[in-house]
Every structure is written in C-alpha cells, then in structure tokens.
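Asks: The following file, entry_27.pdb, comprises PDB, C-alpha atoms:
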ATOM      1  CA  MET A   1      69.570  80.627 162.852
ATOM      2  CA  GLY A   2      69.518  76.819 162.994
ATOM      3  CA  ASN A   3      66.593  74.432 162.775
ATOM      4  CA  PRO A   4      63.036  75.559 163.539
ATOM      5  CA  ILE A   5      62.164  73.450 166.601
ATOM      6  CA  ALA A   6      59.065  73.306 168.789
ATOM      7  CA  VAL A   7      59.057  71.909 172.323
ATOM      8  CA  LEU A   8      55.679  70.678 173.552
ATOM      9  CA  GLY A   9      55.412  71.007 177.325
ATOM     10  CA  GLY A  10      56.274  73.865 179.649
ATOM     11  CA  GLY A  11      57.435  71.794 182.607
ATOM     12  CA  SER A  12      60.978  71.780 183.928
ATOM     13  CA  TRP A  13      62.365  69.384 181.321
ATOM     14  CA  GLY A  14      60.639  70.944 178.315
ATOM     15  CA  THR A  15      61.802  74.374 179.433
ATOM     16  CA  ALA A  16      65.376  73.177 180.000
ATOM     17  CA  LEU A  17      65.512  71.596 176.544
ATOM     18  CA  ALA A  18      64.109  74.733 174.925
ATOM     19  CA  HIS A  19      66.873  76.681 176.697
ATOM     20  CA  LEU A  20      69.515  74.216 175.508
ATOM     21  CA  LEU A  21      68.304  74.226 171.902
ATOM     22  CA  ALA A  22      68.179  78.034 171.808
ATOM     23  CA  HIS A  23      71.765  78.138 173.082
ATOM     24  CA  ALA A  24      72.696  75.686 170.324
ATOM     25  CA  GLY A  25      71.522  78.248 167.771
ATOM     26  CA  HIS A  26      68.075  76.949 166.869
ATOM     27  CA  ASP A  27      64.822  78.856 166.430
ATOM     28  CA  VAL A  28      62.842  77.513 169.399
ATOM     29  CA  THR A  29      59.134  77.769 170.193
ATOM     30  CA  LEU A  30      57.922  76.479 173.568
ATOM     31  CA  LEU A  31      54.305  75.269 173.443
ATOM     32  CA  LEU A  32      52.336  75.253 176.696
ATOM     33  CA  ARG A  33      48.775  75.598 177.948
ATOM     34  CA  ASP A  34      48.970  78.474 180.425
ATOM     35  CA  ALA A  35      48.802  81.930 178.804
ATOM     36  CA  ALA A  36      50.094  83.699 181.921
ATOM     37  CA  GLN A  37      53.072  81.331 182.103
ATOM     38  CA  ALA A  38      53.854  81.927 178.412
ATOM     39  CA  ALA A  39      53.631  85.684 178.855
ATOM     40  CA  HIS A  40      55.999  85.574 181.845
ATOM     41  CA  ILE A  41      58.549  83.491 179.931
ATOM     42  CA  ASN A  42      58.435  85.907 176.974
ATOM     43  CA  ALA A  43      58.693  89.009 179.146
ATOM     44  CA  HIS A  44      61.096  87.870 181.876
ATOM     45  CA  HIS A  45      62.913  84.852 180.360
ATOM     46  CA  GLU A  46      62.143  82.680 183.365
ATOM     47  CA  ASN A  47      59.702  79.849 184.084
ATOM     48  CA  PRO A  48      58.627  80.717 187.646
ATOM     49  CA  ARG A  49      56.504  77.607 188.114
ATOM     50  CA  TYR A  50      59.167  75.003 187.417
ATOM     51  CA  LEU A  51      62.599  76.688 187.205
ATOM     52  CA  ARG A  52      62.267  79.767 189.368
ATOM     53  CA  GLY A  53      65.334  81.975 189.362
ATOM     54  CA  VAL A  54      66.988  80.275 186.382
ATOM     55  CA  PRO A  55      67.534  82.725 183.503
ATOM     56  CA  LEU A  56      66.363  81.339 180.151
ATOM     57  CA  HIS A  57      67.737  82.073 176.711
ATOM     58  CA  PRO A  58      65.959  85.200 175.425
ATOM     59  CA  GLY A  59      65.479  83.598 172.015
ATOM     60  CA  ILE A  60      62.802  81.206 173.306
ATOM     61  CA  ARG A  61      59.307  82.133 172.121
ATOM     62  CA  ALA A  62      56.522  80.760 174.319
ATOM     63  CA  VAL A  63      53.092  80.141 172.788
ATOM     64  CA  ALA A  64      50.025  79.146 174.802
ATOM     65  CA  GLY A  65      47.072  77.195 173.454
ATOM     66  CA  SER A  66      45.057  74.010 173.662
ATOM     67  CA  MET A  67      46.518  70.726 172.399
ATOM     68  CA  GLY A  68      46.433  70.849 168.608
ATOM     69  CA  GLY A  69      44.429  74.099 168.726
ATOM     70  CA  PRO A  70      44.862  76.992 166.298
ATOM     71  CA  GLU A  71      47.674  78.632 168.287
ATOM     72  CA  GLN A  72      49.718  75.443 168.392
ATOM     73  CA  ALA A  73      48.925  74.564 164.787
ATOM     74  CA  ALA A  74      50.157  77.969 163.653
ATOM     75  CA  ALA A  75      53.312  77.635 165.754
ATOM     76  CA  LEU A  76      54.049  74.209 164.243
ATOM     77  CA  GLU A  77      54.003  75.412 160.640
ATOM     78  CA  GLY A  78      57.421  74.856 159.102
ATOM     79  CA  VAL A  79      58.823  73.145 162.228
ATOM     80  CA  GLY A  80      61.332  70.409 161.410
ATOM     81  CA  ILE A  81      61.645  68.869 164.877
ATOM     82  CA  LEU A  82      58.967  68.547 167.561
ATOM     83  CA  VAL A  83      60.242  67.682 171.033
ATOM     84  CA  LEU A  84      57.561  65.888 173.055
ATOM     85  CA  SER A  85      58.020  66.773 176.705
ATOM     86  CA  VAL A  86      54.737  65.790 178.350
ATOM     87  CA  PRO A  87      54.283  63.068 180.997
ATOM     88  CA  CYS A  88      54.114  59.525 179.659
ATOM     89  CA  GLN A  89      50.547  58.890 180.814
ATOM     90  CA  ALA A  90      49.358  62.028 178.976
ATOM     91  CA  LEU A  91      51.360  61.415 175.804
ATOM     92  CA  ARG A  92      48.797  59.410 173.822
ATOM     93  CA  ALA A  93      46.151  62.117 174.216
ATOM     94  CA  ALA A  94      48.720  64.737 173.223
ATOM     95  CA  LEU A  95      49.660  62.814 170.074
ATOM     96  CA  ARG A  96      46.021  62.351 169.184
ATOM     97  CA  GLY A  97      45.401  66.066 169.625
ATOM     98  CA  LEU A  98      48.342  66.908 167.360
ATOM     99  CA  ALA A  99      47.112  64.787 164.450
ATOM    100  CA  GLY A 100      46.851  67.068 161.443
ATOM    101  CA  ALA A 101      48.891  69.863 163.045
ATOM    102  CA  VAL A 102      52.355  68.287 162.795
ATOM    103  CA  PRO A 103      54.085  68.935 159.441
ATOM    104  CA  PRO A 104      54.349  65.673 157.454
ATOM    105  CA  ASP A 105      58.154  65.603 157.394
ATOM    106  CA  CYS A 106      58.585  66.631 161.041
ATOM    107  CA  VAL A 107      60.858  64.563 163.313
ATOM    108  CA  LEU A 108      59.411  63.607 166.718
ATOM    109  CA  VAL A 109      61.782  63.446 169.695
ATOM    110  CA  ASN A 110      60.186  62.063 172.852
ATOM    111  CA  THR A 111      61.629  62.879 176.264
ATOM    112  CA  ALA A 112      59.041  61.255 178.571
ATOM    113  CA  LYS A 113      60.374  58.346 180.636
ATOM    114  CA  GLY A 114      57.645  55.854 181.368
ATOM    115  CA  ILE A 115      55.395  53.008 180.246
ATOM    116  CA  GLU A 116      51.715  53.623 179.549
ATOM    117  CA  VAL A 117      49.636  51.892 182.211
ATOM    118  CA  SER A 118      46.545  51.292 180.070
ATOM    119  CA  GLU A 119      48.304  49.617 177.121
ATOM    120  CA  LEU A 120      51.672  48.633 178.681
ATOM    121  CA  VAL A 121      53.656  50.252 175.854
ATOM    122  CA  THR A 122      56.355  52.880 175.485
ATOM    123  CA  ALA A 123      56.146  56.113 173.490
ATOM    124  CA  GLU A 124      57.258  54.553 170.217
ATOM    125  CA  SER A 125      54.170  52.351 170.197
ATOM    126  CA  MET A 126      51.963  55.337 170.961
ATOM    127  CA  VAL A 127      53.409  57.166 167.957
ATOM    128  CA  ARG A 128      52.807  54.055 165.840
ATOM    129  CA  ASP A 129      49.154  54.124 166.899
ATOM    130  CA  GLU A 130      48.421  57.845 166.795
ATOM    131  CA  LEU A 131      50.840  59.380 164.265
ATOM    132  CA  PRO A 132      51.926  56.408 162.125
ATOM    133  CA  GLY A 133      53.241  58.602 159.335
ATOM    134  CA  HIS A 134      55.943  59.894 161.687
ATOM    135  CA  LEU A 135      57.126  56.539 163.031
ATOM    136  CA  SER A 136      60.152  56.404 160.710
ATOM    137  CA  ARG A 137      61.177  59.837 162.041
ATOM    138  CA  TYR A 138      60.843  59.008 165.731
ATOM    139  CA  ALA A 139      63.580  59.319 168.358
ATOM    140  CA  VAL A 140      63.763  59.241 172.134
ATOM    141  CA  LEU A 141      66.140  61.292 174.282
ATOM    142  CA  SER A 142      67.173  59.799 177.615
ATOM    143  CA  GLY A 143      70.063  59.664 180.055
ATOM    144  CA  PRO A 144      71.241  61.138 183.373
ATOM    145  CA  SER A 145      69.934  64.683 183.091
ATOM    146  CA  PHE A 146      68.263  66.736 185.807
ATOM    147  CA  ALA A 147      66.406  69.635 184.198
ATOM    148  CA  LEU A 148      67.753  72.205 186.659
ATOM    149  CA  GLU A 149      71.350  71.326 185.836
ATOM    150  CA  VAL A 150      70.731  71.381 182.070
ATOM    151  CA  ALA A 151      69.018  74.775 182.375
ATOM    152  CA  SER A 152      71.997  75.941 184.458
ATOM    153  CA  CYS A 153      74.359  74.899 181.641
ATOM    154  CA  LYS A 154      76.128  72.219 183.695
ATOM    155  CA  PRO A 155      77.940  69.384 181.849
ATOM    156  CA  THR A 156      75.532  66.617 180.826
ATOM    157  CA  ALA A 157      75.615  63.625 178.463
ATOM    158  CA  VAL A 158      72.543  61.875 177.038
ATOM    159  CA  VAL A 159      71.661  59.337 174.357
ATOM    160  CA  LEU A 160      69.216  59.615 171.472
ATOM    161  CA  GLY A 161      67.537  56.348 170.532
ATOM    162  CA  CYS A 162      66.661  56.300 166.832
ATOM    163  CA  ARG A 163      66.246  53.289 164.542
ATOM    164  CA  ASP A 164      67.419  55.353 161.555
ATOM    165  CA  GLU A 165      71.150  55.713 162.227
ATOM    166  CA  ARG A 166      71.551  58.625 159.817
ATOM    167  CA  LEU A 167      68.752  60.532 161.498
ATOM    168  CA  GLY A 168      70.272  59.701 164.881
ATOM    169  CA  ALA A 169      73.585  61.144 163.740
ATOM    170  CA  ARG A 170      71.846  64.347 162.601
ATOM    171  CA  LEU A 171      69.977  64.675 165.894
ATOM    172  CA  ARG A 172      73.255  64.291 167.798
ATOM    173  CA  GLU A 173      74.408  67.491 166.149
ATOM    174  CA  VAL A 174      71.124  69.311 166.751
ATOM    175  CA  PHE A 175      71.060  68.622 170.493
ATOM    176  CA  SER A 176      74.735  69.138 171.259
ATOM    177  CA  ALA A 177      76.080  72.252 172.950
ATOM    178  CA  PRO A 178      79.388  73.033 174.707
ATOM    179  CA  TRP A 179      78.001  71.620 177.978
ATOM    180  CA  PHE A 180      75.585  69.060 176.538
ATOM    181  CA  ARG A 181      76.891  65.973 174.728
ATOM    182  CA  ALA A 182      74.491  63.740 172.796
ATOM    183  CA  TYR A 183      75.283  60.189 171.724
ATOM    184  CA  SER A 184      73.014  58.049 169.545
ATOM    185  CA  SER A 185      71.840  54.440 169.606
ATOM    186  CA  SER A 186      69.691  52.392 167.249
ATOM    187  CA  ASP A 187      68.264  50.439 170.215
ATOM    188  CA  VAL A 188      65.059  52.409 170.750
ATOM    189  CA  PRO A 189      63.446  49.817 173.091
ATOM    190  CA  GLY A 190      66.548  49.738 175.268
ATOM    191  CA  VAL A 191      66.780  53.523 175.543
ATOM    192  CA  GLU A 192      63.059  53.838 176.311
ATOM    193  CA  LEU A 193      62.917  51.015 178.849
ATOM    194  CA  GLY A 194      66.088  52.032 180.681
ATOM    195  CA  GLY A 195      64.729  55.526 181.192
ATOM    196  CA  ALA A 196      61.373  54.200 182.360
ATOM    197  CA  ILE A 197      62.314  51.380 184.723
ATOM    198  CA  LYS A 198      65.053  53.318 186.517
ATOM    199  CA  ASN A 199      62.293  55.432 188.077
ATOM    200  CA  VAL A 200      60.882  52.333 189.787
ATOM    201  CA  ILE A 201      64.306  51.462 191.182
ATOM    202  CA  ALA A 202      64.787  55.070 192.299
ATOM    203  CA  ILE A 203      61.661  54.866 194.451
ATOM    204  CA  ALA A 204      63.091  51.704 196.022
ATOM    205  CA  ALA A 205      66.458  53.344 196.657
ATOM    206  CA  GLY A 206      64.819  56.382 198.211
ATOM    207  CA  LEU A 207      62.602  54.197 200.359
ATOM    208  CA  SER A 208      65.611  52.286 201.638
ATOM    209  CA  ASP A 209      67.407  55.529 202.478
ATOM    210  CA  GLY A 210      64.279  56.908 204.117
ATOM    211  CA  LEU A 211      64.205  53.849 206.361
ATOM    212  CA  GLY A 212      67.840  54.437 207.299
ATOM    213  CA  PHE A 213      69.075  51.150 205.817
ATOM    214  CA  GLY A 214      72.341  52.740 204.669
ATOM    215  CA  LEU A 215      74.592  52.929 201.644
ATOM    216  CA  ASN A 216      75.198  49.186 201.357
ATOM    217  CA  ALA A 217      71.481  48.559 200.938
ATOM    218  CA  ARG A 218      71.131  51.310 198.355
ATOM    219  CA  ALA A 219      74.018  49.910 196.307
ATOM    220  CA  ALA A 220      72.479  46.437 196.426
ATOM    221  CA  LEU A 221      69.078  47.732 195.285
ATOM    222  CA  VAL A 222      70.601  49.723 192.421
ATOM    223  CA  THR A 223      72.701  46.790 191.228
ATOM    224  CA  ARG A 224      69.948  44.211 191.405
ATOM    225  CA  GLY A 225      67.524  46.741 189.959
ATOM    226  CA  LEU A 226      69.767  47.123 186.932
ATOM    227  CA  ALA A 227      69.838  43.340 186.515
ATOM    228  CA  GLU A 228      66.061  43.032 186.451
ATOM    229  CA  THR A 229      65.749  46.053 184.149
ATOM    230  CA  SER A 230      68.007  44.303 181.676
ATOM    231  CA  ARG A 231      66.029  41.049 181.959
ATOM    232  CA  LEU A 232      62.755  42.746 181.083
ATOM    233  CA  GLY A 233      64.379  44.830 178.379
ATOM    234  CA  VAL A 234      65.848  41.813 176.613
ATOM    235  CA  ALA A 235      62.467  40.068 176.824
ATOM    236  CA  LEU A 236      60.966  43.084 175.030
ATOM    237  CA  GLY A 237      63.570  43.136 172.262
ATOM    238  CA  ALA A 238      66.229  45.451 173.673
ATOM    239  CA  ARG A 239      69.979  44.810 173.700
ATOM    240  CA  ALA A 240      71.461  43.977 177.105
ATOM    241  CA  SER A 241      74.469  46.232 176.421
ATOM    242  CA  THR A 242      72.229  49.317 176.192
ATOM    243  CA  PHE A 243      71.456  49.070 179.904
ATOM    244  CA  MET A 244      75.140  49.561 180.709
ATOM    245  CA  GLY A 245      75.044  52.948 178.969
ATOM    246  CA  LEU A 246      73.736  56.422 179.690
ATOM    247  CA  SER A 247      70.032  55.564 179.470
ATOM    248  CA  GLY A 248      70.492  52.552 181.750
ATOM    249  CA  LEU A 249      73.271  52.582 184.329
ATOM    250  CA  GLY A 250      73.939  56.302 183.951
ATOM    251  CA  ASP A 251      70.371  57.423 184.538
ATOM    252  CA  LEU A 252      69.912  54.817 187.263
ATOM    253  CA  MET A 253      72.912  56.088 189.237
ATOM    254  CA  LEU A 254      71.742  59.683 189.015
ATOM    255  CA  THR A 255      68.098  59.063 189.854
ATOM    256  CA  CYS A 256      68.813  56.736 192.774
ATOM    257  CA  SER A 257      71.337  59.029 194.467
ATOM    258  CA  GLY A 258      70.506  62.600 193.447
ATOM    259  CA  ASP A 259      68.085  64.495 195.660
ATOM    260  CA  LEU A 260      66.730  66.414 192.660
ATOM    261  CA  SER A 261      65.071  63.138 191.619
ATOM    262  CA  ARG A 262      61.307  63.284 192.137
ATOM    263  CA  ASN A 263      61.100  59.481 192.242
ATOM    264  CA  ARG A 264      63.818  59.231 194.870
ATOM    265  CA  GLN A 265      61.950  61.869 196.897
ATOM    266  CA  VAL A 266      58.784  59.756 196.740
ATOM    267  CA  GLY A 267      60.733  56.819 198.171
ATOM    268  CA  LEU A 268      62.387  58.914 200.869
ATOM    269  CA  ARG A 269      59.045  60.232 202.032
ATOM    270  CA  LEU A 270      57.417  56.798 201.975
ATOM    271  CA  GLY A 271      60.276  55.503 204.095
ATOM    272  CA  ALA A 272      59.743  58.372 206.519
ATOM    273  CA  GLY A 273      56.130  57.321 206.999
ATOM    274  CA  GLU A 274      54.152  59.583 204.654
ATOM    275  CA  THR A 275      51.323  58.162 202.556
ATOM    276  CA  LEU A 276      51.480  58.071 198.774
ATOM    277  CA  ASN A 277      48.356  60.240 198.510
ATOM    278  CA  ALA A 278      49.870  62.931 200.705
ATOM    279  CA  ILE A 279      53.116  62.880 198.749
ATOM    280  CA  ALA A 280      51.358  63.127 195.376
ATOM    281  CA  ALA A 281      49.163  65.998 196.572
ATOM    282  CA  SER A 282      52.215  68.035 197.609
ATOM    283  CA  MET A 283      54.180  67.657 194.348
ATOM    284  CA  ASN A 284      53.764  70.088 191.452
ATOM    285  CA  MET A 285      55.635  67.793 189.044
ATOM    286  CA  VAL A 286      54.923  64.202 188.032
ATOM    287  CA  ALA A 287      56.922  61.338 189.529
ATOM    288  CA  GLU A 288      56.667  58.955 186.574
ATOM    289  CA  GLY A 289      57.860  55.963 188.585
ATOM    290  CA  VAL A 290      54.608  55.615 190.540
ATOM    291  CA  LYS A 291      52.517  54.727 187.492
ATOM    292  CA  THR A 292      55.452  53.000 185.778
ATOM    293  CA  THR A 293      55.755  50.586 188.728
ATOM    294  CA  GLN A 294      52.275  49.311 187.963
ATOM    295  CA  ALA A 295      53.012  48.963 184.241
ATOM    296  CA  VAL A 296      56.381  47.229 184.745
ATOM    297  CA  TYR A 297      54.925  44.827 187.306
ATOM    298  CA  ARG A 298      52.141  43.815 184.911
ATOM    299  CA  LEU A 299      54.574  43.407 182.005
ATOM    300  CA  ALA A 300      56.852  41.230 184.124
ATOM    301  CA  GLN A 301      53.897  39.061 185.122
ATOM    302  CA  GLN A 302      52.791  38.677 181.501
ATOM    303  CA  LEU A 303      56.274  37.770 180.268
ATOM    304  CA  GLY A 304      57.312  35.637 183.239
ATOM    305  CA  VAL A 305      60.314  37.854 184.026
ATOM    306  CA  ASP A 306      61.571  37.791 187.624
ATOM    307  CA  MET A 307      61.635  41.386 188.948
ATOM    308  CA  PRO A 308      61.790  41.250 192.759
ATOM    309  CA  VAL A 309      62.596  44.931 193.344
ATOM    310  CA  THR A 310      59.712  46.019 191.133
ATOM    311  CA  THR A 311      57.421  43.491 192.823
ATOM    312  CA  ALA A 312      58.367  44.875 196.232
ATOM    313  CA  MET A 313      57.654  48.444 195.097
ATOM    314  CA  TYR A 314      54.329  47.382 193.611
ATOM    315  CA  GLY A 315      53.412  45.904 196.983
ATOM    316  CA  VAL A 316      54.259  49.153 198.776
ATOM    317  CA  LEU A 317      52.531  51.461 196.286
ATOM    318  CA  TYR A 318      49.485  49.361 195.431
ATOM    319  CA  GLY A 319      49.236  46.553 197.976
ATOM    320  CA  ASN A 320      49.549  48.340 201.333
ATOM    321  CA  VAL A 321      52.739  46.432 202.172
ATOM    322  CA  PRO A 322      54.674  48.343 204.885
ATOM    323  CA  PRO A 323      57.931  49.755 203.414
ATOM    324  CA  ARG A 324      60.202  48.146 206.001
ATOM    325  CA  GLU A 325      58.570  44.769 205.445
ATOM    326  CA  ALA A 326      58.982  45.066 201.665
ATOM    327  CA  VAL A 327      62.712  45.785 201.816
ATOM    328  CA  GLN A 328      63.339  43.106 204.415
ATOM    329  CA  ALA A 329      61.469  40.582 202.236
ATOM    330  CA  LEU A 330      63.978  41.255 199.463
ATOM    331  CA  MET A 331      66.812  40.363 201.833
ATOM    332  CA  SER A 332      65.181  37.063 202.838
ATOM    333  CA  ARG A 333      64.615  35.693 199.338
ATOM    334  CA  GLN A 334      66.046  32.278 198.487
ATOM    335  CA  LEU A 335      69.821  32.382 198.058
ATOM    336  CA  LYS A 336      71.170  31.731 194.549
ATOM    337  CA  GLU A 337      73.999  32.537 192.160
ATOM    338  CA  GLU A 338      74.221  36.174 191.087
TER     339      GLU A 338
END
Step by step, read the file and then write its structure as structure tokens.

Replies:
Amino acid sequence: MGNPIAVLGGGSWGTALAHLLAHAGHDVTLLLRDAAQAAHINAHHENPRYLRGVPLHPGIRAVAGSMGGPEQAAALEGVGILVLSVPCQALRAALRGLAGAVPPDCVLVNTAKGIEVSELVTAESMVRDELPGHLSRYAVLSGPSFALEVASCKPTAVVLGCRDERLGARLREVFSAPWFRAYSSSDVPGVELGGAIKNVIAIAAGLSDGLGFGLNARAALVTRGLAETSRLGVALGARASTFMGLSGLGDLMLTCSGDLSRNRQVGLRLGAGETLNAIAASMNMVAEGVKTTQAVYRLAQQLGVDMPVTTAMYGVLYGNVPPREAVQALMSRQLKEE
C-alpha cells in the first residue's frame, strides 16, 4: 500500500480525489460529517448525494465526525498527506478546527478554488494564519477537472502549486494515475488565483449564452477574462505565464464551455431570467464563483486593476444590474488597443 492519505470533504470533488488516490495505490480515508453518507460509501462504494451511480474504489474508508473531533483526530493519526476539499468560504473554520489533530509533518493539499470574502485571501494565507507550522508543506491542486469525469476515470491533467519544488515533484507522483496526469509549479499564487477567478468568468460566459448572444460573444468574454485574470494575478505576485497553463487557460476553457460547470450553470440560469436566490436554493453544491466575484471585485478596486468582466458580474450579482444591460455595457466600453 502507498501513502496514508486523508481527504477532508465528502462532496463530489473530495470523493473523486479519494477514488483517484485509492486507484493510485494509496491507503485513503475520506472524512465527512454525515454518518449515513459514510456508512453508504463503506457498504455500497458509491456517494449517492454527489456522484450517484458512479462506482467508487472499494479501498476507500469513509469516517464521519465533527471537524477536528475525536473520530477525525483518530483517522488522521499517521497520515502523511491531508487533502483539503471543502468550499473556500468554509476553509478557515475547517483549518481552525483541525489545529492539534493534523500530524506535525503532514502535507496539506488544498483543492478549493476561491478567494475568502472576509479577508480577501487565498487558501495559502489561511494556512499561514491557522496552521502556520504546515505552511512549508502546503500545496494547491488545480486545473481543468470535473469531478464526475475524474471519478469515471476519464483522462485529466492538473497542476500542483507548491513553493518547495522537491515536494511538488513528490506530489506529482502521488497524484498521478494512468488517466490522471499531474504537473507541478512553484507559482502558488498563480495556480490559486487562476482556479479562483475563472469561476467569475464562467458565470459571465454562461450568462452570455443564456441570453443567446452566441459563440463569438462567449469567446470574447473568455479571452478578455483571461487577460484581466492575469493582470490581477501579476499584481498579487503571480507569474503571467502561469495563466496560460492548466490552472489558468485550461480551467477557464473547461469551466466556461462545459455544462458540468456549476458556475456556468449559474450564468445560464441568470441569463434565462432566474434570480440568484432561486438558483442558489436549488443547488446542492457550492458555486464558488458567486462569492469569489465579490472578493475579486474588491481586490481589483484596492489594487487599481482594471477588471471589466468581473465588474460587470459584480453588478449583476450584487448591484441588481440586468444581465443583458451588463453584457451590452462591456461591448460599449471605450475602444483601445488590445
């Protein structure tokens, strides 16, 4: 058996990664809150709430318990890698709850794609605040990867952001399987920000499609969205080249065009006339881009970075701007060089 690994979070992505890691030969424990869900996974090797009908690797052991509680603490003993697969806005509380339960030499691999609204920071900063002893062993996994396709063993490539290049190289090996290829990058800010901001652009692309504006409009939004993502990323210390890779352009293409994207679905439904409250109430999984839009807009304002697509989405989501008016306003901006 390979590395002892725990995955925190029994949603679609946490479950898919547990499945992948078990296939790669590791001893995998899936930590979640719902005892009935854990029992079903252990007995039937399926997560009916998030990946119904998808058979899971029988080697996954699901453990239910409160965050940092005795069940989770016992399950974390001897674990060398902890995969954090909880929504971005809930991550700080999760890290705080885990203090004292995570083995001192454990590597943390975050998979949430977002920016915390309250503090305007990414996951690396949350780890620095809440589990500072693990900061040197922090990595983030991102890239074009729908959970359903990973759980279905379909070919996928991702990138692991890790400042320690040797640790990044080791994690590449841990996460790789015949259908899952992991690259590494030392640009942690770039990998984190690309994965977060693409969700904002995906809402815009879905909204445009929902309004029937066509493929030309979607391509324009994706391209200009990538440009403003790179501008903010560079202002926050990332490398511009990272946004042309898997966690930038790759994830952006997938999320803006694939109908499995929750953020794209939010945009489609907004464009069709539904309200944000109605959409949120009907979804059983988090669309990170809704909260991330607010965080990215505020960061751009603070740093003086021009982000017109994000500004338009902020107006729709938080300023009651009609969707059609927001997209048309983008088309009527002052003409300039690309």

Asks: Out of A:Cys88, A:Val7, A:Ala151, A:Leu20, which residue has the shortest atom-to-atom distance to Val107 of chain A when counting all atoms listed in the file?

Replies: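 Between A:Cys88, A:Val7, A:Ala151, A:Leu20, the residue approaching Val107 of chain A most closely is A:Val7.
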
Asks: Which residues, written as a compact mmCIF listing (two decimals) with C-alpha atoms, keeping the file's coordinate frame, have at least one atom at most 8 Å from segment 109-125 of chain A, with all atoms listed in the file counted and residues fewer than 6 positions away on the same chain left out?

Replies:
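File out-v9.txt, as written:
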# COMPACT_ATOMS: atom_id res chain seq x y z
CA ILE A 81 61.64 68.87 164.88
CA LEU A 82 58.97 68.55 167.56
CA VAL A 83 60.24 67.68 171.03
CA LEU A 84 57.56 65.89 173.06
CA SER A 85 58.02 66.77 176.70
CA VAL A 86 54.74 65.79 178.35
CA PRO A 87 54.28 63.07 181.00
CA CYS A 88 54.11 59.52 179.66
CA GLN A 89 50.55 58.89 180.81
CA LEU A 91 51.36 61.42 175.80
CA LEU A 135 57.13 56.54 163.03
CA TYR A 138 60.84 59.01 165.73
CA ALA A 139 63.58 59.32 168.36
CA VAL A 140 63.76 59.24 172.13
CA LEU A 141 66.14 61.29 174.28
CA SER A 142 67.17 59.80 177.62
CA GLU A 192 63.06 53.84 176.31
CA LEU A 193 62.92 51.02 178.85
CA GLY A 195 64.73 55.53 181.19
CA ALA A 196 61.37 54.20 182.36
CA ILE A 197 62.31 51.38 184.72
CA GLU A 288 56.67 58.96 186.57
CA GLY A 289 57.86 55.96 188.58
CA LYS A 291 52.52 54.73 187.49
CA THR A 292 55.45 53.00 185.78
CA GLN A 294 52.28 49.31 187.96
CA ALA A 295 53.01 48.96 184.24
CA VAL A 296 56.38 47.23 184.74
CA ARG A 298 52.14 43.82 184.91
CA LEU A 299 54.57 43.41 182.00

Asks: Residues picked by the PyMOL selection byres ((chain A and resi 303) around 12) here, as a list of chain:residue names?

Replies: A:Leu120, A:Arg231, A:Leu232, A:Gly233, A:Val234, A:Ala235, A:Leu236, A:Val296, A:Tyr297, A:Arg298, A:Leu299, A:Ala300, A:Gln301, A:Gln302, A:Gly304, A:Val305, A:Asp306, A:Met307

Asks: Find, counting only C-alpha atoms, the residue in A:Pro144, A:Gly2, A:Gly80, A:Pro178 that gets nearest to Ser261 of chain A.

Replies: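 Using only C-alpha atoms, Ser261 of chain A sits closest to A:Pro144.
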
Asks: Please evaluate the PyMOL selection byres ((chain A and resi 158) around 10) against the structure above and give the resulting residues as a short mmCIF file (atom, residue, chain, number, x, y, z; two decimals) with C-alpha atoms, keeping the file's coordinate frame.

Replies:
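And here is the file that came out, result09.cif:
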data_model
loop_
_atom_site.label_atom_id
_atom_site.label_comp_id
_atom_site.auth_asym_id
_atom_site.auth_seq_id
_atom_site.Cartn_x
_atom_site.Cartn_y
_atom_site.Cartn_z
CA LEU A 141 66.14 61.29 174.28
CA SER A 142 67.17 59.80 177.62
CA GLY A 143 70.06 59.66 180.06
CA PRO A 144 71.24 61.14 183.37
CA SER A 145 69.93 64.68 183.09
CA THR A 156 75.53 66.62 180.83
CA ALA A 157 75.61 63.62 178.46
CA VAL A 159 71.66 59.34 174.36
CA LEU A 160 69.22 59.62 171.47
CA GLY A 161 67.54 56.35 170.53
CA ARG A 172 73.26 64.29 167.80
CA PHE A 175 71.06 68.62 170.49
CA SER A 176 74.74 69.14 171.26
CA PHE A 180 75.58 69.06 176.54
CA ARG A 181 76.89 65.97 174.73
CA ALA A 182 74.49 63.74 172.80
CA TYR A 183 75.28 60.19 171.72
CA SER A 184 73.01 58.05 169.54
CA GLY A 245 75.04 52.95 178.97
CA LEU A 246 73.74 56.42 179.69
CA SER A 247 70.03 55.56 179.47
CA GLY A 250 73.94 56.30 183.95
CA ASP A 251 70.37 57.42 184.54
#

Asks: So that I can see what lies close to Gln328 of chain A, please list as a compact mmCIF listing (two decimals) with C-alpha atoms, in the coordinates of the input the residues with an atom at most 10 Å from it, counting all atoms listed in the file and leaving out residues fewer than 4 positions away in the same chain.

Replies:
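Result saved to out_19.txt:
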# COMPACT_ATOMS: atom_id res chain seq x y z
CA SER A 208 65.61 52.29 201.64
CA PHE A 213 69.08 51.15 205.82
CA ALA A 312 58.37 44.88 196.23
CA PRO A 323 57.93 49.76 203.41
CA ARG A 324 60.20 48.15 206.00
CA SER A 332 65.18 37.06 202.84
CA ARG A 333 64.61 35.69 199.34
